[in-house]
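For reference, the structure discussed in these notes is given below.
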Amino acid sequence: MSSPAVIPRALGAANGSVLATRFGYSSLERQRQRLPVFKYRDAILYLVENHATTIIVGETGSGKTTQIPQYLKEAGWAEGGRVIACTQPRRLAVQSVASRVAEEMGVKIGEEVGYTIRFEDQTNPGFSRNYSVIMVDEAHERSISTDMLLGLLKKIQRRRPELRLIISSATIEAKSMSNFFQNRCFVGAIGPKWGLVVAHRIELIYEKDGNETFDQLLILVKEVLEDGSLSIGSHGSKPFGQVEGVVKVRPFGISGGPESMTLGKKVLEHFAMDSVPNQLPAIVSVEGKGYTVDIYYVEEPVSDYLQTTVDTVLLINEKESPGDILVFLTGQDDIDAAVKLLTDATHDDKKRSSGLLILPLFSGLSRVDQDLVFAPTPRGKRKVVISTNIAETSLTLEGVVYVVDSGFSKQRFYNPVSDIESLVVAPISKASARQRAGRAGRVRPGKCFRFTIYLAKKLDFLVFSVGSAVLSSLISFIYCGIFSGRIQGTRLYTEDYFLKEMAADGIPEMQRSNLVSCVIQLKALGIDNILGFDWLASPPPEAMVRALEVLYSLSIVDDDVKLTSPIGYQIAEVPMDPMVSKMVLSACDLGCSEEMTTIAASLSVQSIWVSGRGAQKASDEVKLRFAAAEGDHITFLNVYKGFINSGKSSQWCYKNYVNYHAMKKVVDVKEQLCRLLRRFGLALKSCEQDTQAFHFSVHFVLSHVDGSACAALGLPCSCFILRKAIIAGFFANSCYMEVCLQATSTLFSFIIEHLFATSYFSNLIFSCRNTATMDCTRQLEVLKKYTFILPLYCSGSSLASQIKVNPKWVVYHSLVSTDKHYMRNVIAIDPSWLIEAAPHFYQTRSPNLALY
Ligand code: CDP
Ligand code: MG
């Protein structure tokens, strides 16, 4: 926590608040009152009371997230069993904000203040889900979930006029958001003789001398309330569609002639709409107290942005007055590398690096490391927080005076044609660059050092035309080509680039992602017409169609594109990728759900391995103890067994290069999955004893394996059944190596390159030719033609020689794109299982299978 933690965490709630008042509450209270948003407290409460939607814009750190829910609570919005909700696009922010709010209120998490993220529910089970206010925070991030939520809330508000929405953000385009929420008002027909009924903030013009009876009018209003618009063609002299939006909402009361008034009142009574709030969104702009930030650009092109970052940090430390430094890089790998470079520098050059406290910040960070980032900087020290764009707006770090901005972030790009989703390093937008710079001006005037990248014109053209989904793959390919891993040899530059070439805003995630999960969630919520859903920005139709195709091939939707029962509905309830959910449900049928829940849980964490501790060779050797020839999924089982047998020991993890926090999460996720399966009435069964189903299972037992790992390796797993269950979910992700034998010289050189590569992506790395270069060919065909397998288990060439099994056919869990596409988490299969599991998919599309 960035403020002094005045409330000992261990205290119970009752004691906590008493002690808090006595020892420190008042100091926290003073801090709360110093926040810019405090001045707007009454205005915000008034507007929320009177408007259905309130849009609040204010710079990061002004107190929106932590204070507004508390103001609402103080004003009584949580009384009568109601609940105030605040949504965040990032998990880390959810936890951090919840604990800050709990601290300020002097209560324990899980009581009056709680939070829930996927697979973790820290809310009070005694509380209802009757939300009085929903605050959609960080709305500018435009994640898929935010966009879906906004569309859904707009729909829900029509049915629940008492529900209040707050849309808050640092940089939101308030006007377009306001328009989005305002369109709910309805204008009926305008005829030659018409009267006006303003039904309490829902405006309805109806034809006075028309033939409507009161009942017909009620039907009309009901439709307005439920759908927001009518599509019944022409009425009076103009079709409904044409006049919609022409007439403004009259926010207050009922007006019109006496007849209209009477009718309006009757309508209100009928729908019990006395307390319907103003439908016109209110906009509040919270003026911050940010200080000026001077911007510096690099003058000469540099060859390595990580090295430049490190040099800049050292230079700031040497030349500039005290104040913390916040560095924006792209992802954990980058951050780890920069931390290492800086740490090395602190050994080599003690003078320039004296007093530096180097701290990474990314979403997978453990709780302990998170707390270090937010703890006040010790006297005489200078914190250097090296972060992903999570510190851009979601989290506030006090004390930052210098920002070092690489100009990049990791972004998702999806190509619905090839079905490849790439997480690539791509330039940020101007809006993001400004946000990042703003982080330097919290406590006093600050400085921001930018490394904006030089890009070819061609690329910019593509960035701007990303609306076309087909092009997005091309973009990611080009990006991949340019920014492979560390951006070496690339020219980094200039103010000119920022001014003339950088995109003004980012592209909403909805328009550059795989939409399978999104579609299934909407279906489960009963939204059948997904293309007609009220989107803030429409997703590309190709991606929608592709998502429906995938769901259909997994038998999650039927011929009428409705969720199937029970599979479709069950899968929609499992908060995981539908392919993983299908794999788990099939495992229940096949009798290996016990193991499969472990595998699914392991796939849900970023990595079960520790990276970046140096000692690559030693860690490779240790990892080999767990390696299974069938592939990574079985390796996960070995690691999990080892972990459980060690009594969930952190020391065991340390010794085996296993990520302790990830494993704790795996245990937790597994438990929740099992609970869910039991709720579905499905049996949890292990295939361990099922010797009938034994298939080959080659484990690499080395002589120096320790006791617990040995036990793990003794796993008599029915990999045959397990792998079939995996295929049930992932049949579409198959690859074979046959064509490798006919490889062209280019492919051959790839093989050579990779055999001797030392980069580490996953236990088992395959590489396939970049499909983005192929002319809109379906991924399946492309992969089948050009995939080849590399025996790189764990990592690097040192291990390649020890593993002799080269499966011809594999399925992979995901593709990772850097300079090439790599398959992450791969399992060897028999191709006949593909036809068995998905005859609808393979008979028609894979003539190559006949080869086997
Ligand atoms: O949402 P917004 O960016 O407007 O501000 P906030 O997150 O509510 O933060 C308001 C204040 O609370 C800032 O001064 C933060 O430093 C502080 N805060 C904190 O100390 N610890 C947290 N986990 C979150 C906020
Ligand atoms: Mg916030």
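For the structure tokens, the naming scheme is as follows: chains receive sequential letters (A, B, ...) according to their order of presentation, residues are indexed from 1 within each chain, and ligands are indexed from 1 in presentation order.
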
Produce as a VMD selection string the set of residues near ligand 2, where near means within 6 Å with only C-alpha atoms and all ligand atoms considered. chain A and resid 64 to 65 394

Would you return as number ranges by chain the members of region 62-162 of chain A that DSSP assigns to strand (DSSP E) on this structure's backbone? A: 83-87, 115-117, 120-122, 131-136

Store the residues picked out above, limited to all heavy atoms, as a CSV table (one decimal), in the first residue's frame.
```csv
chain,number,residue,atom,x,y,z
A,83,VAL,N,-26.3,-3.8,-3.1
A,83,VAL,CA,-24.9,-3.9,-3.2
A,83,VAL,C,-24.4,-2.9,-4.3
A,83,VAL,O,-25.1,-2.7,-5.3
A,83,VAL,CB,-24.5,-5.3,-3.7
A,83,VAL,CG1,-23.0,-5.4,-3.9
A,83,VAL,CG2,-25.0,-6.4,-2.7
A,84,ILE,N,-23.3,-2.3,-4.0
A,84,ILE,CA,-22.6,-1.4,-5.0
A,84,ILE,C,-21.5,-2.1,-5.6
A,84,ILE,O,-20.7,-2.7,-4.9
A,84,ILE,CB,-22.1,-0.1,-4.3
A,84,ILE,CG1,-23.2,0.6,-3.5
A,84,ILE,CG2,-21.3,0.8,-5.3
A,84,ILE,CD1,-22.7,1.5,-2.4
A,85,ALA,N,-21.5,-2.1,-7.0
A,85,ALA,CA,-20.4,-2.9,-7.6
A,85,ALA,C,-19.5,-1.9,-8.4
A,85,ALA,O,-19.9,-0.9,-8.9
A,85,ALA,CB,-21.0,-3.9,-8.6
A,86,CYS,N,-18.2,-2.3,-8.5
A,86,CYS,CA,-17.3,-1.5,-9.3
A,86,CYS,C,-16.5,-2.5,-10.1
A,86,CYS,O,-15.9,-3.4,-9.6
A,86,CYS,CB,-16.4,-0.7,-8.4
A,86,CYS,SG,-15.0,0.1,-9.2
A,87,THR,N,-16.5,-2.4,-11.4
A,87,THR,CA,-15.8,-3.4,-12.2
A,87,THR,C,-14.5,-2.8,-12.7
A,87,THR,O,-14.4,-1.6,-13.0
A,87,THR,CB,-16.6,-3.8,-13.5
A,87,THR,OG1,-16.7,-2.7,-14.4
A,87,THR,CG2,-18.1,-4.2,-13.1
A,115,TYR,N,-14.2,-8.7,-3.1
A,115,TYR,CA,-14.0,-8.7,-4.6
A,115,TYR,C,-14.1,-10.1,-5.2
A,115,TYR,O,-14.1,-11.1,-4.5
A,115,TYR,CB,-12.6,-8.1,-4.9
A,115,TYR,CG,-11.4,-9.0,-4.5
A,115,TYR,CD1,-11.0,-10.0,-5.4
A,115,TYR,CD2,-10.8,-8.9,-3.3
A,115,TYR,CE1,-9.9,-10.9,-5.0
A,115,TYR,CE2,-9.7,-9.7,-2.9
A,115,TYR,CZ,-9.3,-10.7,-3.8
A,115,TYR,OH,-8.3,-11.5,-3.4
A,116,THR,N,-14.4,-10.1,-6.5
A,116,THR,CA,-14.4,-11.4,-7.1
A,116,THR,C,-13.8,-11.3,-8.5
A,116,THR,O,-14.0,-10.4,-9.2
A,116,THR,CB,-15.8,-12.0,-7.2
A,116,THR,OG1,-15.8,-13.1,-8.1
A,116,THR,CG2,-16.9,-11.0,-7.6
A,117,ILE,N,-12.8,-12.2,-8.7
A,117,ILE,CA,-12.2,-12.3,-10.0
A,117,ILE,C,-12.4,-13.8,-10.4
A,117,ILE,O,-12.8,-14.6,-9.6
A,117,ILE,CB,-10.7,-11.9,-10.0
A,117,ILE,CG1,-9.9,-12.7,-8.9
A,117,ILE,CG2,-10.6,-10.4,-9.8
A,117,ILE,CD1,-8.5,-12.3,-8.8
A,120,GLU,N,-11.8,-16.7,-8.0
A,120,GLU,CA,-11.5,-16.3,-6.6
A,120,GLU,C,-12.6,-15.4,-6.2
A,120,GLU,O,-12.9,-14.3,-6.8
A,120,GLU,CB,-10.2,-15.5,-6.6
A,120,GLU,CG,-9.7,-15.2,-5.2
A,120,GLU,CD,-8.4,-14.6,-5.1
A,120,GLU,OE1,-7.6,-14.7,-6.1
A,120,GLU,OE2,-8.1,-14.0,-4.0
A,121,ASP,N,-13.4,-15.8,-5.2
A,121,ASP,CA,-14.5,-15.0,-4.7
A,121,ASP,C,-14.3,-14.7,-3.3
A,121,ASP,O,-14.3,-15.5,-2.4
A,121,ASP,CB,-15.8,-15.9,-4.9
A,121,ASP,CG,-17.0,-15.0,-4.7
A,121,ASP,OD1,-16.9,-13.9,-4.1
A,121,ASP,OD2,-18.1,-15.4,-5.1
A,122,GLN,N,-14.0,-13.4,-3.0
A,122,GLN,CA,-13.8,-12.9,-1.7
A,122,GLN,C,-14.9,-12.0,-1.3
A,122,GLN,O,-14.7,-10.9,-0.8
A,122,GLN,CB,-12.5,-12.1,-1.6
A,122,GLN,CG,-11.3,-12.9,-1.9
A,122,GLN,CD,-10.8,-13.7,-0.7
A,122,GLN,OE1,-11.4,-13.5,0.4
A,122,GLN,NE2,-9.8,-14.5,-0.8
A,131,TYR,N,-27.9,-5.3,-7.2
A,131,TYR,CA,-27.0,-4.1,-7.3
A,131,TYR,C,-27.8,-2.8,-7.4
A,131,TYR,O,-28.8,-2.8,-8.2
A,131,TYR,CB,-26.2,-4.3,-8.6
A,131,TYR,CG,-25.2,-5.4,-8.5
A,131,TYR,CD1,-25.4,-6.6,-9.3
A,131,TYR,CD2,-24.1,-5.4,-7.6
A,131,TYR,CE1,-24.6,-7.6,-9.2
A,131,TYR,CE2,-23.3,-6.5,-7.5
A,131,TYR,CZ,-23.5,-7.6,-8.3
A,131,TYR,OH,-22.7,-8.7,-8.2
A,132,SER,N,-27.4,-1.8,-6.7
A,132,SER,CA,-28.1,-0.6,-6.8
A,132,SER,C,-27.3,0.3,-7.7
A,132,SER,O,-27.9,1.1,-8.5
A,132,SER,CB,-28.2,0.1,-5.4
A,132,SER,OG,-26.9,0.2,-4.8
A,133,VAL,N,-26.0,0.3,-7.7
A,133,VAL,CA,-25.2,1.1,-8.6
A,133,VAL,C,-24.1,0.2,-9.1
A,133,VAL,O,-23.5,-0.6,-8.4
A,133,VAL,CB,-24.5,2.3,-7.9
A,133,VAL,CG1,-23.8,3.2,-8.9
A,133,VAL,CG2,-25.5,3.1,-7.0
A,134,ILE,N,-23.9,0.3,-10.4
A,134,ILE,CA,-22.8,-0.5,-11.0
A,134,ILE,C,-21.8,0.6,-11.7
A,134,ILE,O,-22.2,1.4,-12.5
A,134,ILE,CB,-23.2,-1.5,-12.1
A,134,ILE,CG1,-24.1,-2.5,-11.4
A,134,ILE,CG2,-22.0,-2.1,-12.8
A,134,ILE,CD1,-24.6,-3.6,-12.3
A,135,MET,N,-20.6,0.6,-11.2
A,135,MET,CA,-19.6,1.5,-11.7
A,135,MET,C,-18.7,0.8,-12.6
A,135,MET,O,-18.0,-0.1,-12.2
A,135,MET,CB,-18.8,2.1,-10.5
A,135,MET,CG,-17.7,3.0,-10.9
A,135,MET,SD,-17.2,3.9,-9.4
A,135,MET,CE,-15.6,4.5,-9.9
A,136,VAL,N,-18.7,1.1,-13.9
A,136,VAL,CA,-17.8,0.4,-14.9
A,136,VAL,C,-16.6,1.3,-15.0
A,136,VAL,O,-16.6,2.4,-15.6
A,136,VAL,CB,-18.5,0.3,-16.3
A,136,VAL,CG1,-17.6,-0.4,-17.2
A,136,VAL,CG2,-19.8,-0.5,-16.1
```

Env of Phe643 (chain A): 9 Å cut, atoms = only C-alpha atoms, seq-sep filter 3 positions within chain, self excluded. Answer as an MDAnalysis selection string. chainID A and resid 638:640 646:650 652:653 658 660 663 708:709 712

Selected residue of minimal separation from Lys447 (chain A) among A:Asp559, A:Asp324, A:Leu357, A:Leu536, counting only C-alpha atoms: A:Asp324

Need the shell around Tyr40 (chain A): protein/DNA/RNA residues with any atom at most 10 Å away, counting only C-alpha atoms. Skip same-chain ones fewer than 6 positions apart. Format as a ChimeraX atom specification? /A:46,68,284-287

Return as a PDB file with C-alpha atoms, in the first residue's frame the residues of protein, DNA or RNA that approach ligand 1 to within 6 Å, with only C-alpha atoms and all ligand atoms taken into account.
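New file part-v9.pdb:
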```pdb
ATOM      1  CA  MET A   1       0.000   0.000   0.000  1.00  0.00           C
ATOM      2  CA  SER A   2       1.338   3.374  -0.849  1.00  0.00           C
ATOM      3  CA  SER A   3       0.022   5.050   2.260  1.00  0.00           C
ATOM      4  CA  GLU A  59      -7.149  11.812 -14.138  1.00  0.00           C
ATOM      5  CA  THR A  60      -5.550   8.744 -12.596  1.00  0.00           C
ATOM      6  CA  GLY A  61      -5.112   9.066  -8.878  1.00  0.00           C
ATOM      7  CA  SER A  62      -7.908  11.581  -8.363  1.00  0.00           C
ATOM      8  CA  GLY A  63      -9.807   9.059  -6.253  1.00  0.00           C
ATOM      9  CA  LYS A  64     -12.517   7.820  -8.594  1.00  0.00           C
ATOM     10  CA  THR A  65     -12.117   4.112  -7.963  1.00  0.00           C
ATOM     11  CA  THR A  66     -11.503   4.085  -4.240  1.00  0.00           C
ATOM     12  CA  GLN A  67     -13.753   6.971  -3.198  1.00  0.00           C
ATOM     13  CA  SER A  96      -5.453  -3.775  -4.826  1.00  0.00           C
ATOM     14  CA  VAL A  97      -8.453  -1.423  -4.885  1.00  0.00           C
ATOM     15  CA  ARG A 100      -7.380  -0.209  -0.133  1.00  0.00           C
ATOM     16  CA  THR A 396      -1.559   4.706  -8.889  1.00  0.00           C
ATOM     17  CA  LEU A 397       1.988   4.753  -7.617  1.00  0.00           C
ATOM     18  CA  GLU A 398       2.708   7.637  -5.297  1.00  0.00           C
TER      19      GLU A 398
END
```

Which residue gives the smallest distance to Val404 (chain A) among A:Val327, A:Arg442, A:Val425, A:Val57, with only C-alpha atoms counted? A:Val327

The residue from A:Gln411, A:Asn130, A:Ser354, A:Ser604 with the smallest atom-to-atom distance to Val313 (chain A), counting only C-alpha atoms, is A:Ser354

Contacts of region 831-837 of chain A at 7 Å or less, counting only C-alpha atoms, minus same-chain residues fewer than 6 places along, as an NGL selection string? :A and (724 or 727-728 or 731 or 809 or 843)

Given only C-alpha atoms as the counted atoms, nearest of A:Glu318, A:Glu103, A:Asp830, A:Glu392 to Glu141 (chain A):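 Closest residue, counting only C-alpha atoms: A:Glu392.
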
Could you please determine the separation between CA of Glu630 (chain A) and CA of Ala828 (chain A) in Å, to one decimal place?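 It comes out at 5.2 Å.
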
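The interatomic distance for the pair CA of Ser406 (chain A) and CA of Tyr305 (chain A) works out to 7.1 Å.
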
So how far away is CA of Ile827 (chain A) from CA of Val810 (chain A), in Å?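 Going from CA of Val810 (chain A) over to CA of Ile827 (chain A), I get 5.4 Å.
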
DSSP-assigned alpha helix (DSSP H) among region 252-412 of chain A, expressed as a VMD selection string: chain A and resid 258 to 271 305 to 319 332 to 348 367 to 374 390 to 393

Taking a cut-off of 9 Å and counting only C-alpha atoms, can you build a table that, for each residue of region 561-630 of chain A near region 503-519 of chain A, reports the nearest atom pair and how far apart they are in Å (one decimal), sorted by chain then residue number, as CSV?
```
residue,atom,partner,partner_atom,distance
A:Ala572,CA,A:Ser517,CA,8.3
A:Met576,CA,A:Ser517,CA,8.1
A:Asp577,CA,A:Ser517,CA,6.3
A:Pro578,CA,A:Ser517,CA,6.5
```
